[in-house]
Amino acid sequence: MSFEHERLLIFDYGSQYVQLIARRAREQHVFAQIVRGDLSADRVRELAPKGLILSGGPRSVYESGAPRCDPDLFDLGIPVLGICYGMQLVCQALGGAVRPAASREFGRALCQVVQPEGLLFGLPAETVVWMSHGDQVHDAGPDFEPLARTATCPLAAVRHRTRPLFGLQFHPEVSHTPHGSQVLRNFLYDVCGFRGDWRIASFIDDEVQRLRTRIGSARVICGLSGGVDSAVTAALLLKAVGSQVSCIFVDNGLLRQGEAEAVRRTFDGHFHADLHVVDASQRFLSALKDVTDPQEKRRRIGHIFIDVFSEEARHIAGARFLAQGTLYPDVIESGAAADGPAANIKTHHNVGGLPEEMDFELIEPLRDLFKDEVRRLGAELGLPTSLVWRHPFPGPGLAVRCLGAVTAERLTMLRQADAIFLEELHKADLYRETAQAFAVLLPVKSVGVMGDGRSYDSVIALRAVQSEDFMTADWAHLPHQLLGQVATRIINEVRGVNRVVYDVSSKPPATIEWE
């Protein structure tokens, strides 16, 4: 993307909230990038940010081997805000002392604002904040002055007397700190002087121009999965280079009800794209025969998808580029960003799964965006609302929601049950209120009574969660009447099912998907 936009750098020290800090900044129309915690001051100078935020983290700053920042950062004249561990790093680097707190704070705390100006301008004299720390700054030294305190943390917020350096022991980025957005806004606009030039509309203009310059007259292949990320990628490319884009959609037989038809309607009908639909459902089903291990399912599906996609791509003459719907969280968690976190949290299918023999240059136009930004981008590009707000769907599709053996018969049962559940959520205006909802076919049977006879049939589990970032999730407290209606319809309409259960597990300890 174009980096003519002003930039905020967020130094990552392992906080579970680090991506949330970036999202909160972007909500304030400031382009934020997450970088590794040991990024050098020289590299920061090259990137020319207008502000720096040092994130929280799980370690203690006085531990051997704990993450450190380059102390020369504080001599650059760039405003710095340290949050939790980040505050402790700032104060320790400039002569302060960090010790285990006499009373650890986890959760909400009542904070008294000592200086209601600058960083804390607009906050009430007492406000609730979210704490999550076992250590705290015991003595900030003579160069720092307190801005706020709690009953057990005398230095809940501090500022340097002569430099634009600030620290918060609490987390302003979480919703549990009601005035946290105001604190971040004060830092970004009043301290750093951001103008707030980050907008999705301007991203479209910048990215379209960049894509046209890079692609020239060549052809681009874009893989469609039926999900919002690949759909937005395709729509953006079509806006940029139009007929030079060829979309490939692999129907693996593991899709939800009506998804293949929806892709055709959107990209062949609405966008008039060069759409190649490959029906490889039998090929996938044959490969999955008698396979019950979820990792083996994923492995086989991934290999076949690459084979099918590669075979079809070879039929597109003049194709030089391959486009993917990689998002910013994928890049961060794969350790693929040039200045990003060093730890490889996971190998993402969009970041590390391409075969080397595919002779294409990779294009990832969404790699700087979060999911909520991608949805707004999709709406701006004219994608149907049903696609823009579609719930996340796993790459291996229904294969990892069909626990046990994957057969055409079992997939039909699961597909029908899932469609009923989603249909009833839409009717109740609760689809957009849940982050993800789906049905799971369990590998067990149970005794039931159907009419006057005994049955021994399959069990469907319903799963619905609330989540902001999908790193954590709580089970959705759906109305009992709705769940009863869904269960009744599934048992009456889906042949082979006689029992429906509802999953009330949160993440953690459970995952959202069952496999």
# chains A, B, ... in the order shown; residues from 1 in each chain; ligands from 1
$ residues_around --residues "range 191-199 of chain A" --least-positions-apart "2" --cutoff "6 Å" --atoms "only C-alpha atoms" --output "ChimeraX atom specification"
/A:29-31,50-51,79,187-189,201-202
$ write_last_selection --atoms "all heavy atoms" --output "compact mmCIF listing (two decimals), in the first residue's frame"
# COMPACT_ATOMS: atom_id res chain seq x y z
N HIS A 29 -8.95 6.74 12.87
CA HIS A 29 -8.47 7.16 11.55
C HIS A 29 -6.97 7.39 11.50
O HIS A 29 -6.48 8.25 10.76
CB HIS A 29 -9.22 8.41 11.07
CG HIS A 29 -10.71 8.25 11.06
ND1 HIS A 29 -11.33 7.29 10.30
CD2 HIS A 29 -11.69 8.90 11.75
CE1 HIS A 29 -12.64 7.35 10.50
NE2 HIS A 29 -12.88 8.31 11.37
N VAL A 30 -6.24 6.60 12.30
CA VAL A 30 -4.77 6.65 12.29
C VAL A 30 -4.26 5.28 11.83
O VAL A 30 -4.64 4.25 12.39
CB VAL A 30 -4.22 6.98 13.69
CG1 VAL A 30 -2.70 6.77 13.74
CG2 VAL A 30 -4.58 8.40 14.08
N PHE A 31 -3.41 5.27 10.80
CA PHE A 31 -2.87 4.00 10.31
C PHE A 31 -1.83 3.47 11.29
O PHE A 31 -0.82 4.13 11.57
CB PHE A 31 -2.24 4.16 8.93
CG PHE A 31 -1.70 2.87 8.39
CD1 PHE A 31 -2.56 1.89 7.94
CD2 PHE A 31 -0.34 2.62 8.38
CE1 PHE A 31 -2.07 0.68 7.46
CE2 PHE A 31 0.17 1.41 7.92
CZ PHE A 31 -0.71 0.44 7.46
N LYS A 50 4.73 9.10 13.45
CA LYS A 50 4.43 10.28 14.26
C LYS A 50 4.24 9.94 15.72
O LYS A 50 4.14 10.83 16.56
CB LYS A 50 3.18 10.99 13.73
CG LYS A 50 3.35 11.58 12.34
CD LYS A 50 2.22 12.49 11.97
CE LYS A 50 2.28 13.80 12.73
NZ LYS A 50 1.32 14.81 12.18
N GLY A 51 4.15 8.64 16.03
CA GLY A 51 3.98 8.21 17.42
C GLY A 51 4.32 6.75 17.59
O GLY A 51 4.29 5.97 16.63
N PRO A 79 6.75 11.05 20.14
CA PRO A 79 5.95 10.74 21.32
C PRO A 79 5.81 9.24 21.53
O PRO A 79 5.62 8.47 20.57
CB PRO A 79 4.60 11.39 21.03
CG PRO A 79 4.92 12.50 20.09
CD PRO A 79 6.04 11.99 19.24
N PHE A 187 -3.74 11.05 23.06
CA PHE A 187 -2.35 10.77 22.71
C PHE A 187 -2.13 10.97 21.21
O PHE A 187 -1.16 11.63 20.79
CB PHE A 187 -1.96 9.35 23.11
CG PHE A 187 -0.57 8.96 22.69
CD1 PHE A 187 0.54 9.51 23.31
CD2 PHE A 187 -0.37 8.06 21.65
CE1 PHE A 187 1.84 9.18 22.90
CE2 PHE A 187 0.91 7.71 21.24
CZ PHE A 187 2.02 8.28 21.87
N LEU A 188 -3.02 10.41 20.39
CA LEU A 188 -2.82 10.44 18.94
C LEU A 188 -2.94 11.84 18.36
O LEU A 188 -2.11 12.26 17.54
CB LEU A 188 -3.83 9.51 18.26
CG LEU A 188 -3.69 8.01 18.59
CD1 LEU A 188 -4.86 7.23 18.00
CD2 LEU A 188 -2.37 7.46 18.09
N TYR A 189 -3.94 12.57 18.80
CA TYR A 189 -4.21 13.88 18.18
C TYR A 189 -3.54 15.04 18.91
O TYR A 189 -2.96 15.93 18.27
CB TYR A 189 -5.72 14.10 18.09
CG TYR A 189 -6.35 13.30 16.97
CD1 TYR A 189 -6.75 11.99 17.16
CD2 TYR A 189 -6.50 13.85 15.70
CE1 TYR A 189 -7.30 11.25 16.13
CE2 TYR A 189 -7.05 13.12 14.65
CZ TYR A 189 -7.45 11.81 14.88
OH TYR A 189 -7.97 11.08 13.84
N ALA A 201 -12.10 4.63 2.11
CA ALA A 201 -12.28 5.20 0.77
C ALA A 201 -10.95 5.62 0.17
O ALA A 201 -10.68 5.37 -1.02
CB ALA A 201 -13.24 6.39 0.83
N SER A 202 -10.08 6.22 0.98
CA SER A 202 -8.77 6.62 0.46
C SER A 202 -7.90 5.40 0.21
O SER A 202 -7.06 5.39 -0.70
CB SER A 202 -8.08 7.58 1.43
OG SER A 202 -7.82 6.96 2.68
$ closest_atom_pairs --of "range 352-413 of chain A" --to "range 437-449 of chain A" --cutoff "8 Å" --atoms "only C-alpha atoms" --output "Markdown table"
| residue | atom | partner | partner_atom | distance |
| --- | --- | --- | --- | --- |
| A:His391 | CA | A:Ala437 | CA | 7.2 |
| A:Arg401 | CA | A:Val440 | CA | 4.8 |
| A:Cys402 | CA | A:Leu441 | CA | 4.9 |
| A:Leu403 | CA | A:Leu442 | CA | 5.3 |
| A:Gly404 | CA | A:Pro443 | CA | 5.2 |
| A:Ala405 | CA | A:Pro443 | CA | 7.7 |
| A:Arg410 | CA | A:Leu441 | CA | 7.8 |
| A:Met413 | CA | A:Leu441 | CA | 7.9 |
$ residues_around --residues "range 323-325 of chain A" --least-positions-apart "4" --cutoff "7 Å" --atoms "only C-alpha atoms" --output "JSON, numbers by chain"
{"A": [220, 221, 222, 223, 229, 230, 233, 350, 362, 363, 364, 366]}
$ write_last_selection --atoms "N, CA and C atoms" --output "short mmCIF file (atom, residue, chain, number, x, y, z; two decimals), in the first residue's frame"
data_model
loop_
_atom_site.label_atom_id
_atom_site.label_comp_id
_atom_site.auth_asym_id
_atom_site.auth_seq_id
_atom_site.Cartn_x
_atom_site.Cartn_y
_atom_site.Cartn_z
N VAL A 220 -4.21 -11.55 -13.90
CA VAL A 220 -4.15 -11.90 -12.49
C VAL A 220 -5.15 -13.02 -12.22
N ILE A 221 -4.71 -14.01 -11.46
CA ILE A 221 -5.61 -15.09 -11.02
C ILE A 221 -5.97 -14.83 -9.56
N CYS A 222 -7.25 -14.90 -9.26
CA CYS A 222 -7.71 -14.72 -7.89
C CYS A 222 -8.53 -15.93 -7.48
N GLY A 223 -8.11 -16.58 -6.40
CA GLY A 223 -8.85 -17.72 -5.89
C GLY A 223 -10.01 -17.27 -5.02
N ASP A 229 -13.09 -12.37 2.57
CA ASP A 229 -11.73 -11.92 2.28
C ASP A 229 -11.37 -12.09 0.80
N SER A 230 -11.61 -13.27 0.27
CA SER A 230 -11.28 -13.50 -1.14
C SER A 230 -12.23 -12.71 -2.04
N THR A 233 -11.01 -9.14 -2.14
CA THR A 233 -9.79 -9.11 -2.96
C THR A 233 -10.14 -9.09 -4.45
N ASN A 350 -2.99 -18.76 3.97
CA ASN A 350 -2.79 -17.74 2.94
C ASN A 350 -1.35 -17.22 2.92
N LEU A 362 3.05 -13.00 -6.14
CA LEU A 362 1.94 -12.95 -5.20
C LEU A 362 1.48 -11.52 -4.98
N ILE A 363 0.15 -11.34 -5.00
CA ILE A 363 -0.47 -10.05 -4.69
C ILE A 363 -1.40 -10.25 -3.51
N GLU A 364 -1.22 -9.43 -2.47
CA GLU A 364 -2.05 -9.51 -1.27
C GLU A 364 -2.53 -8.10 -0.92
N LEU A 366 -4.97 -6.91 0.69
CA LEU A 366 -5.62 -6.67 1.98
C LEU A 366 -4.69 -6.94 3.16
#
$ closest_residue --among "A:Val90, A:Arg45, A:Cys153, A:Val183" --to "Gly122 in chain A" --atoms "only C-alpha atoms"
A:Val183
$ residues_around --residues "Gln436 in chain A" --least-positions-apart "4" --cutoff "8 Å" --atoms "only C-alpha atoms" --output "list in words"
His391, Pro392, Arg463, Ala464, Val465 and Gln466 of chain A
$ residues_around --residues "Thr150 in chain A" --least-positions-apart "4" --cutoff "12 Å" --atoms "only C-alpha atoms" --output "PyMOL selection string"
chain A and resi 103-105+108-114+125-131+136+146+154-157+168-170
$ write_last_selection --atoms "C-alpha atoms" --output "compact mmCIF listing (two decimals), in the first residue's frame"
# COMPACT_ATOMS: atom_id res chain seq x y z
CA SER A 103 -1.40 -6.21 45.69
CA ARG A 104 -1.76 -7.46 42.13
CA GLU A 105 -4.59 -5.98 40.06
CA ARG A 108 -11.69 -3.36 36.92
CA ALA A 109 -10.24 -0.74 39.25
CA LEU A 110 -11.35 2.73 40.27
CA CYS A 111 -8.82 5.27 39.03
CA GLN A 112 -8.43 8.83 40.36
CA VAL A 113 -7.21 11.37 37.82
CA VAL A 114 -4.58 13.63 39.40
CA ALA A 125 -12.12 12.83 38.37
CA GLU A 126 -12.82 9.14 39.02
CA THR A 127 -13.13 6.56 36.27
CA VAL A 128 -13.08 2.78 35.89
CA VAL A 129 -10.02 1.26 34.20
CA TRP A 130 -8.98 -2.30 33.34
CA MET A 131 -5.87 -3.56 35.11
CA GLN A 136 4.20 -1.97 38.73
CA PRO A 146 2.04 11.13 38.25
CA PRO A 154 0.11 5.16 43.06
CA LEU A 155 1.49 5.53 39.52
CA ALA A 156 -1.38 4.40 37.33
CA ALA A 157 -0.40 7.01 34.70
CA LEU A 168 -0.34 3.88 31.58
CA GLN A 169 -0.46 0.94 33.96
CA PHE A 170 -4.04 0.22 32.82
